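Below is protein_2.pdb, holding PDB, C-alpha atoms.
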ATOM      1  CA  MET A  13       0.000   0.000   0.000
ATOM      2  CA  ILE A  14       1.327   3.428  -0.910
ATOM      3  CA  ARG A  15       0.607   6.106   1.700
ATOM      4  CA  ASN A  16       1.252   9.830   1.801
ATOM      5  CA  ALA A  17       3.706  11.247   4.316
ATOM      6  CA  VAL A  18       4.681  14.703   5.475
ATOM      7  CA  THR A  19       7.986  15.829   6.967
ATOM      8  CA  CYS A  20       8.821  18.982   8.873
ATOM      9  CA  ASP A  21      10.585  21.651   6.819
ATOM     10  CA  ARG A  22      12.616  22.970   9.749
ATOM     11  CA  GLU A  23      16.287  22.217   9.220
ATOM     12  CA  GLY A  24      17.467  19.288  11.327
ATOM     13  CA  CYS A  25      13.958  18.146  12.306
ATOM     14  CA  LEU A  26      13.246  14.438  11.859
ATOM     15  CA  ALA A  27       9.467  14.701  12.376
ATOM     16  CA  LEU A  28       7.369  12.505  10.129
ATOM     17  CA  TYR A  29       3.640  11.852   9.844
ATOM     18  CA  LEU A  30       2.341   8.891   7.853
ATOM     19  CA  GLU A  31      -1.135   8.858   6.370
ATOM     20  CA  PRO A  32      -3.387   6.521   8.380
ATOM     21  CA  GLU A  33      -4.386   3.324   6.584
ATOM     22  CA  VAL A  34      -8.025   4.431   6.787
ATOM     23  CA  LEU A  35      -9.022   8.092   6.525
ATOM     24  CA  PRO A  36     -12.243   9.345   8.108
ATOM     25  CA  GLU A  37     -15.177   9.521   5.702
ATOM     26  CA  GLY A  38     -14.699  12.394   3.267
ATOM     27  CA  ALA A  39     -11.382  13.511   4.780
ATOM     28  CA  ARG A  40      -8.340  14.436   2.719
ATOM     29  CA  PHE A  41      -4.759  13.865   3.850
ATOM     30  CA  LYS A  42      -4.302  17.626   4.295
ATOM     31  CA  ASP A  43      -7.261  17.690   6.710
ATOM     32  CA  VAL A  44      -5.843  14.796   8.723
ATOM     33  CA  ILE A  45      -2.397  16.341   9.183
ATOM     34  CA  VAL A  46      -3.882  19.683  10.247
ATOM     35  CA  GLU A  47      -6.089  17.853  12.763
ATOM     36  CA  ALA A  48      -2.964  16.096  14.090
ATOM     37  CA  GLY A  49      -1.413  19.507  14.824
ATOM     38  CA  TRP A  50       0.772  20.029  11.769
ATOM     39  CA  VAL A  51       0.840  23.517  10.257
ATOM     40  CA  ILE A  52       0.793  24.143   6.521
ATOM     41  CA  ARG A  53       1.261  27.688   5.293
ATOM     42  CA  PRO A  54       2.879  29.494   2.397
ATOM     43  CA  SER A  55       6.531  30.074   3.148
ATOM     44  CA  ALA A  56       6.111  33.668   1.958
ATOM     45  CA  VAL A  57       4.733  34.272   5.467
ATOM     46  CA  ALA A  58       7.489  35.562   7.739
ATOM     47  CA  LEU A  59       8.906  32.517   9.502
ATOM     48  CA  PRO A  60      12.209  32.553  11.371
ATOM     49  CA  ASP A  61      14.914  30.534   9.579
ATOM     50  CA  TYR A  62      12.777  29.934   6.467
ATOM     51  CA  PRO A  63      13.633  31.412   3.073
ATOM     52  CA  ALA A  64      10.727  33.049   1.273
ATOM     53  CA  ALA A  65       9.396  31.020  -1.660
ATOM     54  CA  PRO A  66       5.838  32.123  -2.466
ATOM     55  CA  ASP A  67       4.723  28.933  -4.227
ATOM     56  CA  VAL A  68       6.229  26.440  -1.753
ATOM     57  CA  LEU A  69       4.332  25.274   1.308
ATOM     58  CA  ALA A  70       6.017  25.150   4.705
ATOM     59  CA  HIS A  71       5.163  22.082   6.760
ATOM     60  CA  LEU A  72       5.813  22.469  10.466
ATOM     61  CA  CYS A  73       5.389  19.621  12.933
ATOM     62  CA  PRO A  74       3.491  20.256  16.176
ATOM     63  CA  ALA A  75       6.752  20.330  18.175
ATOM     64  CA  CYS A  76       8.416  22.985  15.996
ATOM     65  CA  GLU A  77       5.237  25.059  15.864
ATOM     66  CA  ALA A  78       5.057  25.042  19.682
ATOM     67  CA  GLY A  79       8.768  25.831  20.102
ATOM     68  CA  ARG A  80       9.682  22.367  21.454
ATOM     69  CA  GLY A  81      11.352  21.121  18.274
ATOM     70  CA  PRO A  82      13.187  20.097  16.294
ATOM     71  CA  VAL A  83      12.542  16.369  16.679
ATOM     72  CA  LEU A  84      16.039  14.948  17.112
ATOM     73  CA  GLU A  85      15.300  11.312  17.938
ATOM     74  CA  ARG A  86      12.784   9.070  16.176
ATOM     75  CA  GLY A  87      10.472   6.830  18.140
ATOM     76  CA  GLU A  88       6.866   5.669  18.320
ATOM     77  CA  CYS A  89       4.868   8.918  18.414
ATOM     78  CA  PRO A  90       2.009   8.641  15.894
ATOM     79  CA  THR A  91       1.914  12.419  15.402
ATOM     80  CA  CYS A  92       5.568  13.299  14.759
ATOM     81  CA  ALA A  93       7.486   9.979  14.984
ATOM     82  CA  GLY A  94       9.446  11.362  17.931
ATOM     83  CA  SER A  95      10.726   9.336  20.859
ATOM     84  CA  THR A  96       8.309   8.620  23.703
ATOM     85  CA  VAL A  97       8.477   7.815  27.387
ATOM     86  CA  GLY A  98       6.041   5.563  29.265
ATOM     87  CA  LEU A  99       4.295   7.501  32.024
ATOM     88  CA  ASP A 100       1.237   6.614  34.116
ATOM     89  CA  SER A 101      -0.929   8.725  31.786
ATOM     90  CA  GLY A 102       0.359   6.881  28.690
ATOM     91  CA  PHE A 103       3.211   6.993  26.227
ATOM     92  CA  THR A 104       4.153  10.682  25.966
ATOM     93  CA  CYS A 105       6.177  12.174  23.132
ATOM     94  CA  HIS A 106       9.270  14.099  24.232
ATOM     95  CA  TYR A 107       8.668  16.661  21.480
ATOM     96  CA  CYS A 108       5.007  17.235  20.557
ATOM     97  CA  GLN A 109       3.727  16.050  23.978
ATOM     98  CA  ARG A 110       1.069  13.759  22.416
ATOM     99  CA  VAL A 111      -0.138  11.163  24.937
ATOM    100  CA  VAL A 112      -1.176   7.722  23.726
ATOM    101  CA  PRO A 113      -3.011   5.913  26.554
ATOM    102  CA  HIS A 114      -1.789   2.491  27.601
ATOM    103  CA  LEU A 115      -3.846  -0.516  26.648
ATOM    104  CA  ALA A 116      -5.064  -2.254  29.809
ATOM    105  CA  ASP A 117      -3.212  -5.484  29.071
ATOM    106  CA  GLU A 118       0.088  -3.809  28.134
ATOM    107  CA  TRP A 119       0.774  -1.704  31.218
ATOM    108  CA  CYS A 120       1.108  -2.920  34.778
TER     109      CYS A 120
END
Would you write the structure of this file as structure tokens?
Amino acid sequence: MIRNAVTCDREGCLALYLEPEVLPEGARFKDVIVEAGWVIRPSAVALPDYPAAPDVLAHLCPACEAGRGPVLERGECPTCAGSTVGLDSGFTCHYCQRVVPHLADEWC
């Protein structure tokens, strides 16, 4: 199966978001990544460290947008592919802070 993917345009950021195998009814990939917290905007908008190119889109991961990026270490985060740590609340991404709750039979 071929799936779409998006990467963060910030230099040195390893963030990655893969298209889910099943999209919600009527949703486009662009809608799904925006819902996941990714930012898409024309790079002509004043962004620090980004050259202006009016017809190129800038993709920013949730961590870089919030000032917690760049993602430097890949892991299991479904939103940015960043490394996670297992806490009582669930697996928490070091970068975008997404929490994925533990399944009852996986966490003791």
Legend entry - Resolved residues for the PyMOL selection byres ((chain A and resi 102-114) around 7) as a ChimeraX atom specification: /A:74-75,80-81,83,89,94-101,115-116,118-119
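Note that the spacing between CA of Cys25 in chain A and CA of Val51 in chain A amounts to 14.3 Å.
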Inset, instruction - Specify as a list in words each residue included when the PyMOL selection byres ((chain A and resi 24) around 10) is applied to this file. - result: Cys20, Asp21, Arg22, Glu23, Cys25, Leu26, Ala27, Gly81, Pro82, Val83 and Leu84 of chain A
Inset, instruction - One decimal, Å: what's the distance from CA of Val34 in chain A over to CA of Pro90 in chain A, could you say? - result: 14.2 Å
Inset, instruction - Expand the PyMOL selection byres ((chain A and resi 18) around 10) into the individual residues it matches in the shown file, reporting them as a ChimeraX atom specification. - result: /A:16-17,19-21,27-31,41-42,45,50,71-73,92
Inset, instruction - Go ahead and compute the interatomic distance for CA of Gly49 in chain A and CA of Pro36 in chain A, in Å to one decimal. - result: 16.3 Å
Find the smallest box with edges along x, y and z containing every listed atom of range 89-95 of chain A, then add 4 Å on each side and report centre and edge lengths in Å to one decimal, as lines of an AutoDock Vina configuration file.
center_x = 6.3
center_y = 11.0
center_z = 17.8
size_x = 16.8
size_y = 12.7
size_z = 14.1
